[in-house]
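Enquirer: Below is query-v5.cif; it holds mmCIF, C-alpha atoms.
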```
data_work
#
loop_
_atom_site.label_atom_id
_atom_site.label_comp_id
_atom_site.auth_asym_id
_atom_site.auth_seq_id
_atom_site.Cartn_x
_atom_site.Cartn_y
_atom_site.Cartn_z
CA MET P 152 58.00 50.39 -8.57
CA LYS P 153 58.30 48.68 -5.23
CA SER P 154 59.93 50.43 -2.34
CA GLU P 155 62.21 48.64 0.07
CA LYS P 156 59.45 48.81 2.66
CA ASN P 157 57.11 47.02 0.27
CA ILE P 158 59.65 44.34 -0.39
CA GLU P 159 60.20 43.94 3.33
CA GLN P 160 56.46 43.51 3.87
CA SER P 161 56.06 41.17 0.88
CA LEU P 162 58.81 38.85 2.04
CA LYS P 163 57.60 38.93 5.62
CA GLN P 164 54.00 38.13 4.76
CA ALA P 165 54.52 35.98 1.69
CA ASP P 166 52.40 32.86 1.88
CA MET P 167 55.07 30.30 1.23
CA ASN P 168 53.22 27.05 0.91
CA ILE P 169 54.88 23.71 0.90
CA GLU P 170 53.39 20.30 0.38
CA ILE P 171 54.83 17.52 2.43
CA ASN P 172 54.92 14.03 1.00
CA THR P 173 53.23 12.05 3.79
CA GLU P 174 54.89 8.78 2.87
CA THR P 175 58.41 10.18 2.96
CA ASP P 176 57.51 12.21 6.02
CA GLY P 177 56.41 9.12 7.91
CA ALA P 178 59.56 7.27 6.88
CA ILE P 179 61.74 10.14 8.07
CA LEU P 180 59.93 10.32 11.40
CA SER P 181 60.36 6.58 11.92
CA GLU P 182 64.02 6.91 11.10
CA LEU P 183 64.42 9.73 13.61
CA ILE P 184 62.66 7.73 16.31
CA ALA P 185 64.90 4.77 15.55
CA ALA P 186 67.96 7.02 15.81
CA ARG P 187 66.71 8.25 19.15
CA LYS P 188 66.04 4.71 20.39
CA GLU P 189 69.49 3.59 19.32
CA ARG P 190 71.04 6.51 21.12
CA ARG P 191 69.12 5.76 24.28
CA SER P 192 70.06 2.10 24.26
CA THR P 193 73.76 2.72 23.63
CA ALA P 194 73.95 5.51 26.13
CA THR P 195 72.02 3.82 28.91
CA ARG P 196 72.13 5.77 32.04
CA HIS P 197 75.26 5.50 34.09
CA PRO P 198 74.74 2.95 36.87
CA ALA P 199 76.30 5.38 39.29
CA LEU P 200 73.68 7.91 38.30
CA LYS P 201 70.91 5.52 39.26
CA LEU P 202 72.73 4.83 42.50
CA ALA P 203 72.92 8.52 43.34
CA ALA P 204 69.28 9.07 42.50
CA ALA P 205 68.24 6.16 44.68
CA ALA P 206 70.53 7.37 47.46
CA ALA P 207 69.12 10.88 47.32
CA LEU P 208 65.57 9.59 47.43
CA ILE P 209 66.34 7.34 50.36
CA VAL P 210 68.07 10.12 52.24
CA ALA P 211 65.17 12.46 51.48
CA THR P 212 62.76 9.88 52.87
CA LEU P 213 64.95 9.40 55.93
CA LEU P 214 65.25 13.10 56.56
CA ILE P 215 61.54 13.66 56.24
CA GLY P 216 60.77 10.59 58.35
CA HIS P 217 63.05 11.64 61.18
CA GLY P 218 61.95 15.25 61.02
CA LEU P 219 65.30 16.92 60.53
CA VAL P 220 63.69 20.27 61.13
CA HIS P 221 61.17 20.26 63.93
CA ASN P 222 59.19 23.41 64.77
CA GLY P 223 61.76 25.53 62.99
CA LYS P 224 64.58 24.25 65.20
CA HIS P 225 67.27 21.93 63.94
CA VAL P 226 67.26 18.55 65.59
CA THR P 227 70.47 16.61 65.96
CA VAL P 228 70.54 13.53 63.79
CA GLU P 229 72.41 10.50 64.93
CA PRO P 230 75.53 9.71 62.91
CA SER P 231 74.61 7.43 60.02
CA GLY P 232 78.00 5.93 59.42
CA HIS P 233 78.70 7.95 56.28
CA THR P 234 81.78 10.06 56.04
CA ARG P 235 81.22 13.79 56.17
CA ILE P 236 81.86 14.13 52.44
CA GLU P 237 79.33 11.43 51.64
CA THR P 238 76.76 13.04 53.87
CA LEU P 239 77.36 16.44 52.29
CA ASN P 240 77.05 14.92 48.84
CA LEU P 241 73.80 13.25 49.74
CA VAL P 242 72.41 16.37 51.36
CA SER P 243 73.34 18.48 48.34
CA LEU P 244 71.76 15.97 45.97
CA ASN P 245 68.68 15.91 48.12
CA ALA P 246 68.45 19.70 48.02
CA VAL P 247 68.88 19.72 44.26
CA TYR P 248 66.21 17.04 43.88
CA ARG P 249 63.76 19.07 45.93
CA GLN P 250 64.40 22.17 43.86
CA GLY P 251 64.60 20.81 40.35
CA GLY P 252 63.36 17.24 40.44
CA MET P 253 64.97 14.23 38.85
CA GLU P 254 66.37 16.16 35.91
CA ALA P 255 68.26 18.62 38.09
CA LEU P 256 69.45 15.77 40.25
CA GLU P 257 70.95 13.96 37.30
CA GLN P 258 72.72 17.10 36.14
CA GLN P 259 74.07 17.80 39.60
CA TYR P 260 75.27 14.24 39.96
CA ARG P 261 77.00 14.38 36.60
CA LYS P 262 78.64 17.66 37.50
CA THR P 263 79.73 16.58 40.94
CA PHE P 264 80.80 13.00 40.55
CA ILE P 265 81.30 12.11 36.93
CA ASP P 266 82.99 15.27 35.64
CA SER P 267 85.28 15.55 38.64
CA GLU P 268 85.73 11.75 38.84
CA SER P 269 85.16 11.87 42.55
CA ARG P 270 82.40 9.33 42.89
CA PRO P 271 82.36 8.02 46.45
CA ALA P 272 83.38 4.39 46.10
CA ARG P 273 81.96 3.30 49.44
CA LEU P 274 78.44 4.42 48.80
CA SER P 275 76.13 1.61 47.82
CA VAL P 276 72.41 1.15 47.53
CA GLU P 277 72.55 -2.03 49.62
CA ARG P 278 74.11 -0.11 52.46
CA LEU P 279 71.56 2.64 52.30
CA LEU P 280 68.72 0.14 52.10
CA THR P 281 70.10 -1.71 55.12
CA GLU P 282 70.22 1.53 57.03
CA LEU P 283 66.73 2.37 55.97
CA ALA P 284 65.49 -1.00 57.20
CA GLU P 285 67.34 -0.60 60.50
CA ASN P 286 65.95 2.86 61.00
CA GLY P 287 62.47 1.62 60.20
CA GLU P 288 62.73 -1.11 62.85
CA SER P 289 64.05 1.17 65.61
CA MET G 291 56.53 28.21 24.79
CA LEU G 292 55.22 26.40 27.85
CA GLU G 293 53.91 23.64 25.65
CA ASP G 294 57.35 23.30 24.06
CA ARG G 295 59.04 23.01 27.43
CA LEU G 296 56.58 20.35 28.42
CA LEU G 297 57.16 18.53 25.15
CA ILE G 298 60.92 18.62 25.64
CA TRP G 299 60.59 17.36 29.19
CA ARG G 300 58.33 14.53 28.05
CA PHE G 301 60.69 13.76 25.21
CA LYS G 302 63.63 13.62 27.59
CA CYS G 303 61.64 11.15 29.69
CA GLY G 304 61.37 8.93 26.61
CA ASP G 305 57.92 9.90 25.33
CA ARG G 306 57.96 9.13 21.62
CA GLU G 307 54.75 11.01 20.95
CA ALA G 308 56.32 14.22 22.29
CA PHE G 309 59.05 14.00 19.68
CA CYS G 310 56.50 13.35 16.92
CA ARG G 311 54.62 16.43 18.02
CA ILE G 312 57.74 18.61 17.99
CA TYR G 313 58.64 17.26 14.58
CA ARG G 314 55.19 17.87 13.08
CA LYS G 315 54.92 21.28 14.67
CA TYR G 316 58.14 22.71 13.28
CA ARG G 317 59.25 20.75 10.23
CA ALA G 318 57.40 22.95 7.73
CA ASP G 319 58.89 26.20 9.10
CA LEU G 320 62.36 24.68 9.14
CA LEU G 321 62.02 23.38 5.59
CA LYS G 322 60.90 26.78 4.33
CA LEU G 323 63.82 28.51 5.99
CA ALA G 324 66.29 25.96 4.67
CA ALA G 325 64.86 26.25 1.16
CA LEU G 326 65.23 30.03 1.20
CA LEU G 327 68.77 29.83 2.53
CA LEU G 328 70.05 27.04 0.33
CA HIS G 329 67.99 27.37 -2.86
CA ASN G 330 68.25 23.65 -3.36
CA ALA G 331 65.48 21.24 -2.41
CA GLY G 332 67.75 18.31 -1.64
CA ASP G 333 70.13 20.35 0.48
CA ALA G 334 67.26 21.98 2.34
CA GLU G 335 65.71 18.62 3.18
CA ASP G 336 69.07 17.23 4.24
CA ALA G 337 69.73 20.23 6.47
CA VAL G 338 66.39 19.87 8.27
CA HIS G 339 66.84 16.12 8.52
CA ASP G 340 70.29 16.59 10.07
CA VAL G 341 68.92 19.08 12.58
CA PHE G 342 66.19 16.68 13.69
CA VAL G 343 68.59 13.76 13.93
CA SER G 344 70.92 15.83 16.05
CA PHE G 345 68.01 17.06 18.16
CA ALA G 346 66.73 13.52 18.68
CA GLN G 347 70.13 12.34 19.80
CA THR G 348 71.16 15.21 22.01
CA ALA G 349 67.90 16.38 23.53
CA GLU G 350 68.92 14.95 26.91
CA ARG G 351 71.67 17.53 27.17
CA LEU G 352 69.59 20.35 25.76
CA LYS G 353 69.35 23.40 27.97
CA LEU G 354 66.85 25.63 26.27
CA GLN G 355 67.25 29.34 26.97
CA GLY G 356 64.66 30.79 24.57
CA SER G 357 61.98 29.22 22.42
CA LEU G 358 62.27 25.79 20.86
CA LYS G 359 61.35 27.19 17.48
CA GLY G 360 64.13 29.78 17.73
CA TYR G 361 66.58 27.08 18.74
CA LEU G 362 65.64 24.83 15.82
CA LEU G 363 65.70 27.72 13.34
CA THR G 364 69.18 28.65 14.56
CA CYS G 365 70.30 25.05 14.11
CA VAL G 366 68.97 25.07 10.54
CA ALA G 367 70.69 28.39 9.84
CA ASN G 368 74.00 27.01 11.13
CA ASN G 369 73.62 23.81 9.16
CA ALA G 370 72.70 25.74 6.02
CA ARG G 371 75.75 27.98 6.41
CA ASN G 372 78.02 24.95 6.69
CA ARG G 373 76.41 23.36 3.67
CA ASN G 374 76.78 26.54 1.69
CA ARG G 375 80.47 26.73 2.59
CA SER G 376 81.15 23.16 1.57
CA ARG G 377 79.16 23.66 -1.62
CA GLN G 378 81.25 26.69 -2.49
CA ARG G 379 84.42 24.71 -1.80
CA LYS G 380 83.22 21.91 -4.08
CA GLN G 381 82.26 24.30 -6.83
CA THR G 382 85.73 25.81 -6.88
CA VAL G 383 87.28 22.36 -7.34
CA GLY G 384 86.15 21.91 -10.92
CA LEU G 385 83.29 21.34 -13.30
CA ASP G 386 82.98 17.61 -12.55
CA GLU G 387 82.46 18.29 -8.88
CA ALA G 388 80.00 21.07 -9.62
CA ALA G 389 77.96 18.76 -11.83
CA ASP G 390 77.84 16.27 -8.98
CA VAL G 391 76.37 18.88 -6.66
CA VAL G 392 73.60 19.67 -9.11
CA CYS G 393 72.75 15.96 -9.54
CA LYS G 394 72.41 15.52 -5.80
CA SER G 395 69.58 18.02 -5.66
CA ALA G 396 67.29 15.76 -7.68
CA THR G 397 66.30 13.06 -5.21
CA PRO G 398 63.96 10.31 -6.38
CA GLU G 399 61.57 10.69 -3.44
CA GLN G 400 61.11 14.34 -2.61
CA TRP G 401 60.10 15.05 0.94
CA VAL G 402 58.57 18.39 0.02
CA THR G 403 57.04 20.17 -2.95
CA TYR G 404 57.66 23.89 -2.71
CA GLY G 405 54.96 26.35 -3.64
CA GLU G 406 55.32 28.89 -6.40
CA GLU G 407 55.70 31.86 -4.08
CA LEU G 408 58.47 30.20 -2.13
CA GLN G 409 60.23 29.21 -5.34
CA ARG G 410 60.08 32.79 -6.57
CA TRP G 411 61.48 34.24 -3.37
CA SER G 412 64.09 31.53 -3.21
CA ASP G 413 65.20 32.35 -6.76
CA ALA G 414 65.42 36.05 -5.94
CA LEU G 415 67.28 35.53 -2.67
CA ALA G 416 69.71 33.17 -4.37
CA LYS G 417 71.04 36.14 -6.33
CA LEU G 418 72.24 37.78 -3.12
CA PRO G 419 75.57 37.01 -1.45
CA TYR G 420 75.00 34.35 1.21
CA GLU G 421 75.50 36.64 4.22
CA GLN G 422 72.93 39.11 2.90
CA ARG G 423 70.50 36.34 2.05
CA GLU G 424 70.91 34.87 5.51
CA THR G 425 70.43 38.23 7.19
CA VAL G 426 67.28 39.15 5.35
CA THR G 427 65.77 35.66 5.63
CA LEU G 428 66.47 35.27 9.32
CA HIS G 429 65.14 38.70 10.10
CA LEU G 430 62.02 38.66 7.97
CA ARG G 431 61.10 34.99 7.88
CA ALA G 432 62.51 33.60 11.14
CA GLY G 433 61.73 36.76 13.12
CA MET G 434 65.24 37.06 14.52
CA LYS G 435 66.48 40.34 15.87
CA MET G 436 69.56 42.00 14.38
CA ARG G 437 71.43 41.34 17.63
CA GLN G 438 70.67 37.61 17.42
CA ILE G 439 71.76 37.47 13.78
CA ALA G 440 74.96 39.32 14.63
CA ARG G 441 75.75 36.75 17.32
CA LEU G 442 74.98 33.92 14.92
CA GLN G 443 77.18 35.34 12.18
CA GLY G 444 79.93 36.45 14.54
CA VAL G 445 79.86 40.05 13.36
CA SER G 446 78.77 43.40 14.78
CA VAL G 447 75.16 44.58 14.75
CA ASN G 448 76.14 47.41 12.41
CA THR G 449 77.53 44.93 9.91
CA VAL G 450 74.28 42.99 10.03
CA LYS G 451 72.29 46.19 9.51
CA GLY G 452 74.50 47.03 6.54
CA ARG G 453 74.00 43.58 5.05
CA TYR G 454 70.26 43.92 5.53
CA ARG G 455 70.16 47.30 3.82
CA TYR G 456 72.25 46.12 0.87
CA ALA G 457 70.10 43.00 0.56
CA LEU G 458 66.89 45.02 0.40
CA GLU G 459 68.37 47.41 -2.15
CA LYS G 460 69.44 44.55 -4.34
CA LEU G 461 66.12 42.75 -3.94
CA ARG G 462 64.32 45.94 -4.89
CA SER G 463 66.24 46.26 -8.11
CA LEU G 464 65.81 42.54 -8.83
CA LEU G 465 62.14 42.19 -8.04
CA ASN G 466 60.61 45.40 -9.26
CA GLY G 467 57.61 44.44 -11.26
CA ASP G 468 58.22 40.69 -10.80
CA LEU G 469 56.24 39.96 -7.66
CA LYS G 470 52.65 40.40 -6.58
CA PRO G 471 52.26 43.17 -3.98
#
```
What does this structure look like when you write it as structure tokens?
Expert:
Amino acid sequence: MKSEKNIEQSLKQADMNIEINTETDGAILSELIAARKERRSTATRHPALKLAAAAALIVATLLIGHGLVHNGKHVTVEPSGHTRIETLNLVSLNAVYRQGGMEALEQQYRKTFIDSESRPARLSVERLLTELAENGES
Amino acid sequence: MLEDRLLIWRFKCGDREAFCRIYRKYRADLLKLAALLLHNAGDAEDAVHDVFVSFAQTAERLKLQGSLKGYLLTCVANNARNRNRSRQRKQTVGLDEAADVVCKSATPEQWVTYGEELQRWSDALAKLPYEQRETVTLHLRAGMKMRQIARLQGVSVNTVKGRYRYALEKLRSLLNGDLKP
């Protein structure tokens, strides 16, 4: 007679072997990888997402280059030509990037711009690159 | 756990090898769980396949709270429950439909051959009502806590405990003398 405790133990520790057919297994894995590839190609990253990532990186470089914080004191930065909302967006993306890397940045961008459909239309990589070049010269 | 997080991160970055590693690491455990829950080789394989397809396609949006294994086991449990429901619906339609379900289980190229012990437990568990089978399997084989099972089944912890107790009682009366200690 087995007690419930015994049955509990037997089921918990039962050595349940399975034999996997390597040929089918390989085919399934290939199929899964193909499904993944297909998904990635159809859902290529949003161009705006790339734009935001590039913008955040450029702003981060600019901020570090200019030394936004110098000896613990905030230094006034010359106006860059962005609107206040754009600047805030870029600063927030920069902060998120520093904390969580590219992954967190993408999520934040999605949350901020795509979900709320408030992507700043005037922001472009060309403009940021121009500014970067100008700042580098001066 | 840390390795899993790293694998997911690499997978999200497009590393194919990371996905292969996740697949090879967990497929056997998922197949065993599915087999115990569904008592049908074809359905079990389909359930695990579906979970991996879904995982491969949606990993970018995945925000893992606990372990990857726990997440995948939960996905299999959910998929198995849905399959069981649709199977029950089909079986109530009529004998023709029921026959069709049985035929589907015999696939020409089996992904897995189940061991004797697993077959025996699967046969015994199949005699329990699905909720009881699910409770006892998830607790003893997937290592889930009663609280987690309750959340998964959408019932109270006490209900889960009751199901577990009834399941063990029934298993005891079914298995006495049948299984090796």
Enquirer: Smallest atom-to-atom distance to Thr238 of chain P: which of P:Gln160, P:Ile171, P:Leu183, P:Val210, using all atoms listed in the file?
Expert: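 Smallest distance to Thr238 of chain P is found for P:Val210.
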Enquirer: Quote the spacing between atom CA of Gly356 of chain G and atom CA of Leu297 of chain G in Å to one decimal place.
Expert: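 Distance reported for this atom pair: 14.4 Å.
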Enquirer: From the set G:Glu293, G:Glu307, G:Asp333, G:Glu424, which residue has the shortest atom-to-atom contact distance to chain P, counting all atoms listed in the file?
Expert: G:Glu307
Enquirer: Using all atoms listed in the file, I'd like every residue of chain G that has an atom within 6 Å of chain P; please write them out as number ranges by chain.
Expert: G: 343, 346-347, 401-405, 407-408, 430-431, 458, 466
Enquirer: List the residues selected by the PyMOL selection byres ((chain G and resi 432) around 12) in the file shown, writing them as an MDAnalysis selection string.
Expert: (chainID P and resid 162:164) or (chainID G and resid 316 319:324 326:327 359:367 424:431 433:436 438:439)
Enquirer: Mind dumping the selected residues with C-alpha atoms as an mmCIF file, keeping the file's coordinate frame?
Expert:
```cif
data_model
loop_
_atom_site.group_PDB
_atom_site.id
_atom_site.type_symbol
_atom_site.label_atom_id
_atom_site.label_comp_id
_atom_site.auth_asym_id
_atom_site.auth_seq_id
_atom_site.Cartn_x
_atom_site.Cartn_y
_atom_site.Cartn_z
ATOM 1 C CA LEU P 162 58.810 38.850 2.040
ATOM 2 C CA LYS P 163 57.600 38.930 5.620
ATOM 3 C CA GLN P 164 54.000 38.130 4.760
ATOM 4 C CA TYR G 316 58.140 22.710 13.280
ATOM 5 C CA ASP G 319 58.890 26.200 9.100
ATOM 6 C CA LEU G 320 62.360 24.680 9.140
ATOM 7 C CA LEU G 321 62.020 23.380 5.590
ATOM 8 C CA LYS G 322 60.900 26.780 4.330
ATOM 9 C CA LEU G 323 63.820 28.510 5.990
ATOM 10 C CA ALA G 324 66.290 25.960 4.670
ATOM 11 C CA LEU G 326 65.230 30.030 1.200
ATOM 12 C CA LEU G 327 68.770 29.830 2.530
ATOM 13 C CA LYS G 359 61.350 27.190 17.480
ATOM 14 C CA GLY G 360 64.130 29.780 17.730
ATOM 15 C CA TYR G 361 66.580 27.080 18.740
ATOM 16 C CA LEU G 362 65.640 24.830 15.820
ATOM 17 C CA LEU G 363 65.700 27.720 13.340
ATOM 18 C CA THR G 364 69.180 28.650 14.560
ATOM 19 C CA CYS G 365 70.300 25.050 14.110
ATOM 20 C CA VAL G 366 68.970 25.070 10.540
ATOM 21 C CA ALA G 367 70.690 28.390 9.840
ATOM 22 C CA GLU G 424 70.910 34.870 5.510
ATOM 23 C CA THR G 425 70.430 38.230 7.190
ATOM 24 C CA VAL G 426 67.280 39.150 5.350
ATOM 25 C CA THR G 427 65.770 35.660 5.630
ATOM 26 C CA LEU G 428 66.470 35.270 9.320
ATOM 27 C CA HIS G 429 65.140 38.700 10.100
ATOM 28 C CA LEU G 430 62.020 38.660 7.970
ATOM 29 C CA ARG G 431 61.100 34.990 7.880
ATOM 30 C CA GLY G 433 61.730 36.760 13.120
ATOM 31 C CA MET G 434 65.240 37.060 14.520
ATOM 32 C CA LYS G 435 66.480 40.340 15.870
ATOM 33 C CA MET G 436 69.560 42.000 14.380
ATOM 34 C CA GLN G 438 70.670 37.610 17.420
ATOM 35 C CA ILE G 439 71.760 37.470 13.780
#
```
Enquirer: Here is a test: counting all atoms listed in the file, which residue of G:Leu464, G:Leu292, G:Ala318, G:Ala337 is nearest to Asp413 of chain G?
Expert: G:Leu464
Enquirer: For the provided coordinates, the residues matched by the PyMOL selection byres ((chain G and resi 447-450) around 9) should be stated as a list in words.
Expert: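 When the PyMOL selection byres ((chain G and resi 447-450) around 9) is applied to the shown file, the picked residues are Glu421, Gln422, Thr425, Met436, Arg437, Gln438, Ile439, Ala440, Arg441, Gln443, Val445, Ser446, Lys451, Gly452, Arg453, Tyr454 and Arg455 of chain G.
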Enquirer: Could you jot down the atom CA of Arg410 of chain G to atom CA of Asn369 of chain G separation for me, Å, one decimal place?
Expert: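 Going from atom CA of Arg410 of chain G over to atom CA of Asn369 of chain G, I get 22.6 Å.
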Enquirer: Please report the interatomic distance between atom CA of Arg377 of chain G and atom CA of Leu461 of chain G in Å with one decimal.
Expert: 23.2 Å
